[in-house]
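Visitor: Below is the file work_23.txt, which contains compact mmCIF, N, CA and C atoms.
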# COMPACT_ATOMS: atom_id res chain seq x y z
N MET A 1 -8.58 -21.97 -10.65
CA MET A 1 -8.76 -20.69 -11.28
C MET A 1 -9.12 -20.86 -12.76
N ALA A 2 -8.46 -21.77 -13.44
CA ALA A 2 -8.73 -21.97 -14.86
C ALA A 2 -10.18 -22.42 -15.09
N ALA A 3 -10.72 -23.18 -14.16
CA ALA A 3 -12.10 -23.64 -14.30
C ALA A 3 -13.10 -22.50 -14.18
N SER A 4 -12.71 -21.38 -13.60
CA SER A 4 -13.63 -20.26 -13.44
C SER A 4 -13.69 -19.37 -14.68
N ILE A 5 -12.84 -19.62 -15.65
CA ILE A 5 -12.79 -18.75 -16.83
C ILE A 5 -14.14 -18.60 -17.52
N PRO A 6 -14.89 -19.66 -17.79
CA PRO A 6 -16.18 -19.47 -18.47
C PRO A 6 -17.23 -18.71 -17.66
N PHE A 7 -17.12 -18.75 -16.34
CA PHE A 7 -18.13 -18.14 -15.49
C PHE A 7 -18.08 -16.61 -15.49
N HIS A 8 -16.91 -16.05 -15.55
CA HIS A 8 -16.77 -14.60 -15.41
C HIS A 8 -17.08 -13.80 -16.68
N PRO A 9 -16.49 -14.11 -17.81
CA PRO A 9 -16.72 -13.24 -18.97
C PRO A 9 -17.98 -13.54 -19.78
N SER A 10 -18.56 -14.73 -19.66
CA SER A 10 -19.69 -15.06 -20.52
C SER A 10 -21.01 -14.56 -19.95
N LYS A 11 -21.88 -14.14 -20.85
CA LYS A 11 -23.20 -13.63 -20.45
C LYS A 11 -24.14 -14.78 -20.14
N ASN A 12 -24.04 -15.86 -20.92
CA ASN A 12 -24.96 -16.98 -20.76
C ASN A 12 -24.13 -18.27 -20.66
N LEU A 13 -23.90 -18.73 -19.45
CA LEU A 13 -23.05 -19.89 -19.22
C LEU A 13 -23.67 -21.16 -19.80
N THR A 14 -24.98 -21.28 -19.75
CA THR A 14 -25.66 -22.47 -20.27
C THR A 14 -25.37 -22.65 -21.76
N THR A 15 -25.46 -21.59 -22.53
CA THR A 15 -25.18 -21.65 -23.96
C THR A 15 -23.72 -22.03 -24.19
N PHE A 16 -22.83 -21.46 -23.40
CA PHE A 16 -21.41 -21.76 -23.54
C PHE A 16 -21.15 -23.24 -23.31
N VAL A 17 -21.73 -23.81 -22.25
CA VAL A 17 -21.53 -25.22 -21.93
C VAL A 17 -22.10 -26.10 -23.04
N GLU A 18 -23.26 -25.76 -23.57
CA GLU A 18 -23.86 -26.53 -24.66
C GLU A 18 -22.96 -26.52 -25.89
N GLN A 19 -22.37 -25.38 -26.22
CA GLN A 19 -21.48 -25.29 -27.37
C GLN A 19 -20.25 -26.16 -27.18
N VAL A 20 -19.69 -26.17 -25.99
CA VAL A 20 -18.51 -26.99 -25.70
C VAL A 20 -18.86 -28.47 -25.79
N GLU A 21 -19.97 -28.85 -25.17
CA GLU A 21 -20.38 -30.27 -25.15
C GLU A 21 -20.68 -30.80 -26.54
N ASN A 22 -21.24 -29.97 -27.40
CA ASN A 22 -21.61 -30.39 -28.75
C ASN A 22 -20.49 -30.19 -29.76
N GLY A 23 -19.35 -29.69 -29.31
CA GLY A 23 -18.22 -29.49 -30.21
C GLY A 23 -18.43 -28.38 -31.22
N LEU A 24 -19.33 -27.45 -30.91
CA LEU A 24 -19.61 -26.34 -31.82
C LEU A 24 -18.57 -25.24 -31.65
N GLU A 25 -18.49 -24.39 -32.65
CA GLU A 25 -17.61 -23.23 -32.55
C GLU A 25 -18.15 -22.32 -31.47
N LEU A 26 -17.28 -21.85 -30.62
CA LEU A 26 -17.71 -21.03 -29.49
C LEU A 26 -18.05 -19.62 -29.94
N ALA A 27 -19.25 -19.20 -29.62
CA ALA A 27 -19.70 -17.84 -29.86
C ALA A 27 -20.17 -17.29 -28.53
N VAL A 28 -19.23 -16.85 -27.73
CA VAL A 28 -19.53 -16.41 -26.37
C VAL A 28 -19.97 -14.95 -26.38
N SER A 29 -21.12 -14.69 -25.80
CA SER A 29 -21.59 -13.32 -25.65
C SER A 29 -20.95 -12.75 -24.39
N PRO A 30 -20.26 -11.62 -24.51
CA PRO A 30 -19.63 -11.05 -23.32
C PRO A 30 -20.64 -10.59 -22.29
N GLY A 31 -20.31 -10.82 -21.05
CA GLY A 31 -21.15 -10.39 -19.95
C GLY A 31 -20.70 -9.03 -19.45
N LYS A 32 -20.92 -8.80 -18.18
CA LYS A 32 -20.53 -7.52 -17.58
C LYS A 32 -19.00 -7.43 -17.50
N SER A 33 -18.50 -6.23 -17.67
CA SER A 33 -17.05 -6.01 -17.68
C SER A 33 -16.38 -6.41 -16.38
N VAL A 34 -17.10 -6.39 -15.29
CA VAL A 34 -16.50 -6.73 -14.01
C VAL A 34 -15.97 -8.16 -14.02
N GLY A 35 -16.60 -9.05 -14.77
CA GLY A 35 -16.11 -10.43 -14.88
C GLY A 35 -14.72 -10.48 -15.49
N GLY A 36 -14.51 -9.71 -16.54
CA GLY A 36 -13.19 -9.64 -17.15
C GLY A 36 -12.17 -9.01 -16.24
N LEU A 37 -12.60 -7.99 -15.53
CA LEU A 37 -11.69 -7.33 -14.59
C LEU A 37 -11.26 -8.26 -13.46
N LEU A 38 -12.18 -9.09 -13.00
CA LEU A 38 -11.86 -10.03 -11.92
C LEU A 38 -10.83 -11.08 -12.36
N LEU A 39 -10.87 -11.47 -13.62
CA LEU A 39 -9.98 -12.51 -14.11
C LEU A 39 -8.65 -12.01 -14.65
N MET A 40 -8.64 -10.83 -15.19
CA MET A 40 -7.54 -10.35 -16.01
C MET A 40 -6.16 -10.49 -15.35
N HIS A 41 -5.96 -9.95 -14.19
CA HIS A 41 -4.63 -9.96 -13.58
C HIS A 41 -4.24 -11.35 -13.09
N ARG A 42 -5.20 -12.12 -12.65
CA ARG A 42 -4.92 -13.50 -12.24
C ARG A 42 -4.48 -14.33 -13.45
N LEU A 43 -5.17 -14.16 -14.58
CA LEU A 43 -4.79 -14.86 -15.80
C LEU A 43 -3.39 -14.45 -16.26
N PHE A 44 -3.10 -13.17 -16.16
CA PHE A 44 -1.79 -12.68 -16.57
C PHE A 44 -0.68 -13.33 -15.75
N VAL A 45 -0.83 -13.33 -14.44
CA VAL A 45 0.21 -13.91 -13.58
C VAL A 45 0.34 -15.41 -13.85
N ALA A 46 -0.79 -16.12 -13.89
CA ALA A 46 -0.75 -17.57 -14.11
C ALA A 46 -0.18 -17.91 -15.48
N SER A 47 -0.46 -17.12 -16.50
CA SER A 47 0.02 -17.42 -17.85
C SER A 47 1.52 -17.20 -17.99
N ASN A 48 2.14 -16.60 -17.01
CA ASN A 48 3.58 -16.37 -17.05
C ASN A 48 4.36 -17.21 -16.04
N LEU A 49 3.69 -18.09 -15.32
CA LEU A 49 4.37 -18.96 -14.37
C LEU A 49 5.00 -20.15 -15.09
N SER A 50 6.22 -20.47 -14.74
CA SER A 50 6.91 -21.57 -15.40
C SER A 50 6.34 -22.94 -15.04
N VAL A 51 5.59 -23.05 -13.96
CA VAL A 51 5.02 -24.33 -13.55
C VAL A 51 3.72 -24.66 -14.30
N ILE A 52 3.20 -23.73 -15.05
CA ILE A 52 1.97 -23.94 -15.82
C ILE A 52 2.35 -24.52 -17.18
N LEU A 53 1.61 -25.53 -17.63
CA LEU A 53 1.88 -26.14 -18.93
C LEU A 53 1.76 -25.10 -20.05
N PRO A 54 2.60 -25.21 -21.08
CA PRO A 54 2.56 -24.25 -22.18
C PRO A 54 1.18 -24.14 -22.85
N GLN A 55 0.46 -25.27 -22.96
CA GLN A 55 -0.87 -25.22 -23.56
C GLN A 55 -1.83 -24.39 -22.70
N ALA A 56 -1.74 -24.55 -21.40
CA ALA A 56 -2.58 -23.77 -20.48
C ALA A 56 -2.20 -22.30 -20.52
N GLN A 57 -0.90 -22.02 -20.62
CA GLN A 57 -0.45 -20.64 -20.74
C GLN A 57 -1.02 -20.00 -21.99
N ALA A 58 -0.97 -20.73 -23.11
CA ALA A 58 -1.50 -20.20 -24.37
C ALA A 58 -3.00 -19.93 -24.26
N HIS A 59 -3.72 -20.85 -23.61
CA HIS A 59 -5.17 -20.66 -23.44
C HIS A 59 -5.47 -19.42 -22.61
N MET A 60 -4.70 -19.21 -21.56
CA MET A 60 -4.91 -18.04 -20.72
C MET A 60 -4.60 -16.76 -21.47
N LYS A 61 -3.58 -16.78 -22.31
CA LYS A 61 -3.25 -15.61 -23.14
C LYS A 61 -4.40 -15.33 -24.12
N GLU A 62 -4.97 -16.38 -24.70
CA GLU A 62 -6.12 -16.21 -25.60
C GLU A 62 -7.30 -15.61 -24.86
N CYS A 63 -7.52 -16.05 -23.63
CA CYS A 63 -8.61 -15.50 -22.82
C CYS A 63 -8.39 -14.02 -22.54
N LEU A 64 -7.16 -13.65 -22.26
CA LEU A 64 -6.84 -12.23 -22.04
C LEU A 64 -7.13 -11.42 -23.30
N ALA A 65 -6.73 -11.95 -24.45
CA ALA A 65 -6.99 -11.24 -25.71
C ALA A 65 -8.49 -11.13 -25.96
N TRP A 66 -9.25 -12.18 -25.62
CA TRP A 66 -10.70 -12.15 -25.81
C TRP A 66 -11.33 -11.09 -24.90
N ILE A 67 -10.87 -11.02 -23.68
CA ILE A 67 -11.37 -9.99 -22.76
C ILE A 67 -11.11 -8.61 -23.33
N GLY A 68 -9.93 -8.42 -23.91
CA GLY A 68 -9.59 -7.13 -24.49
C GLY A 68 -10.45 -6.75 -25.67
N THR A 69 -10.68 -7.70 -26.57
CA THR A 69 -11.42 -7.37 -27.79
C THR A 69 -12.94 -7.41 -27.62
N HIS A 70 -13.45 -8.38 -26.86
CA HIS A 70 -14.90 -8.54 -26.77
C HIS A 70 -15.55 -7.82 -25.59
N MET A 71 -14.78 -7.57 -24.56
CA MET A 71 -15.35 -6.91 -23.38
C MET A 71 -14.97 -5.44 -23.30
N GLY A 72 -14.12 -5.01 -24.22
CA GLY A 72 -13.75 -3.60 -24.26
C GLY A 72 -12.75 -3.18 -23.19
N ILE A 73 -12.02 -4.14 -22.64
CA ILE A 73 -11.00 -3.83 -21.64
C ILE A 73 -9.65 -4.00 -22.33
N SER A 74 -9.16 -2.93 -22.91
CA SER A 74 -7.97 -3.04 -23.75
C SER A 74 -6.73 -3.47 -22.98
N GLN A 75 -6.73 -3.34 -21.67
CA GLN A 75 -5.60 -3.82 -20.89
C GLN A 75 -5.43 -5.33 -21.04
N GLY A 76 -6.52 -6.04 -21.26
CA GLY A 76 -6.44 -7.48 -21.49
C GLY A 76 -5.64 -7.82 -22.73
N THR A 77 -5.85 -7.04 -23.79
CA THR A 77 -5.09 -7.23 -25.02
C THR A 77 -3.61 -6.95 -24.78
N LEU A 78 -3.32 -5.89 -24.06
CA LEU A 78 -1.92 -5.56 -23.76
C LEU A 78 -1.27 -6.67 -22.95
N LEU A 79 -1.96 -7.17 -21.93
CA LEU A 79 -1.39 -8.20 -21.08
C LEU A 79 -1.22 -9.53 -21.83
N SER A 80 -2.05 -9.79 -22.83
CA SER A 80 -1.93 -11.03 -23.59
C SER A 80 -0.66 -11.05 -24.43
N ASN A 81 -0.08 -9.90 -24.70
CA ASN A 81 1.13 -9.83 -25.52
C ASN A 81 2.41 -9.75 -24.72
N VAL A 82 2.32 -9.62 -23.41
CA VAL A 82 3.51 -9.51 -22.56
C VAL A 82 4.07 -10.90 -22.29
N ARG A 83 5.38 -11.05 -22.47
CA ARG A 83 6.05 -12.32 -22.21
C ARG A 83 7.13 -12.12 -21.14
N ILE A 84 6.85 -12.66 -19.94
CA ILE A 84 7.85 -12.63 -18.87
C ILE A 84 7.83 -14.01 -18.20
N ARG A 85 8.80 -14.31 -17.43
CA ARG A 85 8.84 -15.57 -16.67
C ARG A 85 8.91 -15.26 -15.20
N LEU A 86 7.96 -15.83 -14.45
CA LEU A 86 7.93 -15.63 -12.99
C LEU A 86 8.35 -16.92 -12.31
Could you spell out this file's structure in structure tokens?

Guide:
Amino acid sequence: MAASIPFHPSKNLTTFVEQVENGLELAVSPGKSVGGLLLMHRLFVASNLSVILPQAQAHMKECLAWIGTHMGISQGTLLSNVRIRL
């Protein structure tokens, strides 16, 4: 699931991969909102599981916040701030 994160919210995956490979600062152009909607609840659940490494949890929370601010799905921002343990 974590590997699918770049595919759903980004408009141009090729540019995203080039930025990562070259160590550049990521400037991801948001794609269609449906990509964020498909990921949002899965990221929320996974980011609160105790079996997930804390670094991965933090990354998933950042992705939720990005979905909220850049894709206009404010529920992503809300979910990025919720702290529960499943």

Visitor: Record the distance separating atom CA of A:Gln75 and atom N of A:Phe44, expressed in Å with one decimal.

Guide: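 Distance reported for this atom pair: 10.8 Å.
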
Visitor: Select, from A:Leu37, A:Ala58, A:Ala3, A:Leu53, the residue with the minimum atom-to-atom distance to A:Ile73, counting all atoms listed in the file.

Guide: A:Leu37

Visitor: Out of A:Met60, A:Leu43, A:Leu49, A:Met1, which residue has the shortest atom-to-atom distance to A:Ile84 when counting only N, CA and C atoms?

Guide: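 Closest to A:Ile84, using only N, CA and C atoms: A:Leu49.
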
Visitor: Take atom CA of A:Ser74 and atom N of A:Thr15 and report the distance between them in Å, one decimal.

Guide: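 Between atom CA of A:Ser74 and atom N of A:Thr15 the gap works out to 25.5 Å.
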
Visitor: Between A:Thr77, A:Lys61, A:Gly36, A:Glu18, which is the closest to A:Asn48 once you count all atoms listed in the file?

Guide: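 Selected residue with least distance to A:Asn48: A:Lys61.
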
Visitor: Box in all listed atoms of stretch 48-61 of chain A, axis-aligned, with 4 Å more on each side; write out centre and edge lengths in Å to one decimal as AutoDock Vina command-line options.

Guide:
--center_x 0.7 --center_y -20.7 --center_z -19.0 --size_x 20.4 --size_y 18.8 --size_z 18.8

Visitor: Kindly give the distance, in Å, that separates atom N of A:Val45 and atom N of A:Ser80, rounded to a single decimal.

Guide: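 Spanning atom N of A:Val45 to atom N of A:Ser80 is a straight-line distance of 9.2 Å.
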